[in-house]
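Contents: one structure, followed by commentary.
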Amino acid sequence: MSAYLVVQGTVTNWEKFKDYTELVPKLVANFGGHYVAMGSPEVLEGNFDPKSAVISMWPNTECIHKFWHSPEYKHAMTLREGAGNFSVMIIEGVTKQKEQG
């Protein structure tokens, strides 16, 4: 079942964050993920106001965990330390349900 990695955040130091953004897309692709949404979210309800959101789709949660815990991504994480505030979560996709009729 597909899974999604959802990142919400506010970058406070773009100069520091730049190296991270140059490295991570290649890692995402190497581990089986691809980006499906990226940009400034429009918050319709609630107090959480991230300045950006990124959603990537993966074959399954196992692929996300392999990516997240890989030595390559551990290095990438050091490049974003102190560059902002981020929330990261995994959400499993849904299977197509038969229409009720």
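Naming scheme: A, B, ... for chains in displayed order of the structure tokens; residues 1 onward per chain; ligands 1 onward as shown.
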Could you pull out the alpha helix (DSSP H) residues of segment 10-58 of chain A, going by DSSP on the backbone, and write them as a PDB file with N, CA, C and O atoms, in the first residue's frame?
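Final output, saved to part01.pdb:
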ATOM      1  N   TRP A  14      17.391  30.357   5.094  1.00  0.00           N
ATOM      2  CA  TRP A  14      17.424  29.762   3.754  1.00  0.00           C
ATOM      3  C   TRP A  14      18.841  29.477   3.286  1.00  0.00           C
ATOM      4  O   TRP A  14      19.068  28.535   2.535  1.00  0.00           O
ATOM      5  N   GLU A  15      19.806  30.274   3.694  1.00  0.00           N
ATOM      6  CA  GLU A  15      21.196  30.037   3.294  1.00  0.00           C
ATOM      7  C   GLU A  15      21.668  28.675   3.804  1.00  0.00           C
ATOM      8  O   GLU A  15      22.274  27.904   3.072  1.00  0.00           O
ATOM      9  N   LYS A  16      21.358  28.366   5.042  1.00  0.00           N
ATOM     10  CA  LYS A  16      21.732  27.082   5.631  1.00  0.00           C
ATOM     11  C   LYS A  16      20.910  25.937   5.017  1.00  0.00           C
ATOM     12  O   LYS A  16      21.416  24.844   4.813  1.00  0.00           O
ATOM     13  N   PHE A  17      19.667  26.196   4.698  1.00  0.00           N
ATOM     14  CA  PHE A  17      18.755  25.170   4.194  1.00  0.00           C
ATOM     15  C   PHE A  17      19.039  24.798   2.736  1.00  0.00           C
ATOM     16  O   PHE A  17      18.650  23.733   2.268  1.00  0.00           O
ATOM     17  N   LYS A  18      19.725  25.659   2.004  1.00  0.00           N
ATOM     18  CA  LYS A  18      19.959  25.467   0.568  1.00  0.00           C
ATOM     19  C   LYS A  18      20.650  24.136   0.262  1.00  0.00           C
ATOM     20  O   LYS A  18      20.244  23.418  -0.651  1.00  0.00           O
ATOM     21  N   ASP A  19      21.712  23.793   0.990  1.00  0.00           N
ATOM     22  CA  ASP A  19      22.430  22.537   0.734  1.00  0.00           C
ATOM     23  C   ASP A  19      21.524  21.327   0.936  1.00  0.00           C
ATOM     24  O   ASP A  19      21.611  20.346   0.200  1.00  0.00           O
ATOM     25  N   TYR A  20      20.651  21.402   1.917  1.00  0.00           N
ATOM     26  CA  TYR A  20      19.693  20.325   2.177  1.00  0.00           C
ATOM     27  C   TYR A  20      18.763  20.146   0.978  1.00  0.00           C
ATOM     28  O   TYR A  20      18.528  19.028   0.518  1.00  0.00           O
ATOM     29  N   THR A  21      18.249  21.253   0.451  1.00  0.00           N
ATOM     30  CA  THR A  21      17.298  21.170  -0.653  1.00  0.00           C
ATOM     31  C   THR A  21      17.947  20.686  -1.949  1.00  0.00           C
ATOM     32  O   THR A  21      17.256  20.180  -2.831  1.00  0.00           O
ATOM     33  N   GLU A  22      19.246  20.841  -2.068  1.00  0.00           N
ATOM     34  CA  GLU A  22      19.952  20.352  -3.253  1.00  0.00           C
ATOM     35  C   GLU A  22      20.223  18.854  -3.177  1.00  0.00           C
ATOM     36  O   GLU A  22      20.291  18.178  -4.197  1.00  0.00           O
ATOM     37  N   LEU A  23      20.363  18.313  -1.975  1.00  0.00           N
ATOM     38  CA  LEU A  23      20.704  16.904  -1.782  1.00  0.00           C
ATOM     39  C   LEU A  23      19.488  15.987  -1.685  1.00  0.00           C
ATOM     40  O   LEU A  23      19.458  14.908  -2.273  1.00  0.00           O
ATOM     41  N   VAL A  24      18.465  16.401  -0.956  1.00  0.00           N
ATOM     42  CA  VAL A  24      17.374  15.504  -0.597  1.00  0.00           C
ATOM     43  C   VAL A  24      16.531  14.997  -1.773  1.00  0.00           C
ATOM     44  O   VAL A  24      16.171  13.818  -1.786  1.00  0.00           O
ATOM     45  N   PRO A  25      16.210  15.798  -2.775  1.00  0.00           N
ATOM     46  CA  PRO A  25      15.407  15.237  -3.880  1.00  0.00           C
ATOM     47  C   PRO A  25      16.037  14.006  -4.534  1.00  0.00           C
ATOM     48  O   PRO A  25      15.329  13.062  -4.890  1.00  0.00           O
ATOM     49  N   LYS A  26      17.345  13.984  -4.660  1.00  0.00           N
ATOM     50  CA  LYS A  26      18.029  12.816  -5.216  1.00  0.00           C
ATOM     51  C   LYS A  26      17.870  11.608  -4.294  1.00  0.00           C
ATOM     52  O   LYS A  26      17.666  10.487  -4.758  1.00  0.00           O
ATOM     53  N   LEU A  27      17.963  11.842  -3.000  1.00  0.00           N
ATOM     54  CA  LEU A  27      17.804  10.745  -2.036  1.00  0.00           C
ATOM     55  C   LEU A  27      16.383  10.199  -2.065  1.00  0.00           C
ATOM     56  O   LEU A  27      16.179   8.981  -2.015  1.00  0.00           O
ATOM     57  N   VAL A  28      15.412  11.087  -2.126  1.00  0.00           N
ATOM     58  CA  VAL A  28      14.009  10.658  -2.188  1.00  0.00           C
ATOM     59  C   VAL A  28      13.825   9.728  -3.387  1.00  0.00           C
ATOM     60  O   VAL A  28      13.264   8.635  -3.271  1.00  0.00           O
ATOM     61  N   ALA A  29      14.315  10.133  -4.538  1.00  0.00           N
ATOM     62  CA  ALA A  29      14.183   9.313  -5.749  1.00  0.00           C
ATOM     63  C   ALA A  29      14.935   7.986  -5.610  1.00  0.00           C
ATOM     64  O   ALA A  29      14.412   6.931  -5.981  1.00  0.00           O
ATOM     65  N   ASN A  30      16.127   8.030  -5.048  1.00  0.00           N
ATOM     66  CA  ASN A  30      16.928   6.806  -4.887  1.00  0.00           C
ATOM     67  C   ASN A  30      16.259   5.780  -3.985  1.00  0.00           C
ATOM     68  O   ASN A  30      16.477   4.581  -4.145  1.00  0.00           O
TER      69      ASN A  30
END
*asked:* Excluding Glu92 of chain A and its own-chain neighbours fewer than 2 positions away, which residues fall within 8 Å of it when counting only C-alpha atoms? Please give them as a ChimeraX atom specification.
replied: /A:1-4,60-61,90,94
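All residues within segment 20-57 of chain A that the backbone DSSP calculation assigns to strand (DSSP E or B) are His34, Tyr35, Val36, Ala37, Met38, Gly39, Ser52, Ala53, Val54, Ile55, Ser56 and Met57 of chain A.
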*Please identify all polymer residues within 10 Å of segment 38-49 of chain A, counting only C-alpha atoms, omitting same-chain residues fewer than 5 positions from it, and present them as an NGL selection string.*
:A and (6-10 or 54-56)
Could you save the residues just selected, with N, CA and C atoms, as a PDB file, in the first residue's frame?
ATOM      1  N   VAL A   6       4.842  13.485   4.883  1.00  0.00           N
ATOM      2  CA  VAL A   6       4.321  14.848   4.905  1.00  0.00           C
ATOM      3  C   VAL A   6       5.216  15.685   5.815  1.00  0.00           C
ATOM      4  N   VAL A   7       5.733  16.770   5.259  1.00  0.00           N
ATOM      5  CA  VAL A   7       6.599  17.673   6.016  1.00  0.00           C
ATOM      6  C   VAL A   7       5.950  19.050   6.010  1.00  0.00           C
ATOM      7  N   GLN A   8       5.784  19.600   7.195  1.00  0.00           N
ATOM      8  CA  GLN A   8       5.273  20.957   7.343  1.00  0.00           C
ATOM      9  C   GLN A   8       6.344  21.733   8.079  1.00  0.00           C
ATOM     10  N   GLY A   9       6.619  22.941   7.644  1.00  0.00           N
ATOM     11  CA  GLY A   9       7.663  23.667   8.334  1.00  0.00           C
ATOM     12  C   GLY A   9       7.751  25.128   7.968  1.00  0.00           C
ATOM     13  N   THR A  10       8.622  25.774   8.700  1.00  0.00           N
ATOM     14  CA  THR A  10       8.953  27.161   8.454  1.00  0.00           C
ATOM     15  C   THR A  10      10.467  27.271   8.445  1.00  0.00           C
ATOM     16  N   VAL A  54       5.503  19.886   2.161  1.00  0.00           N
ATOM     17  CA  VAL A  54       5.997  19.010   1.106  1.00  0.00           C
ATOM     18  C   VAL A  54       5.385  17.631   1.331  1.00  0.00           C
ATOM     19  N   ILE A  55       4.831  17.048   0.284  1.00  0.00           N
ATOM     20  CA  ILE A  55       4.277  15.696   0.365  1.00  0.00           C
ATOM     21  C   ILE A  55       4.961  14.850  -0.696  1.00  0.00           C
ATOM     22  N   SER A  56       5.509  13.722  -0.256  1.00  0.00           N
ATOM     23  CA  SER A  56       6.103  12.772  -1.203  1.00  0.00           C
ATOM     24  C   SER A  56       5.379  11.435  -1.067  1.00  0.00           C
TER      25      SER A  56
END
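Separating atom CA of Ala83 of chain A from atom CA of Val11 of chain A is a distance of 5.8 Å.
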*asked:* Need the shell around Trp68 of chain A: protein/DNA/RNA residues with any atom at most 10 Å away, counting only C-alpha atoms. Skip same-chain ones fewer than 3 positions apart. Format as a PyMOL selection string?
replied: chain A and resi 5+27-28+31+62-65+71-74+76-77
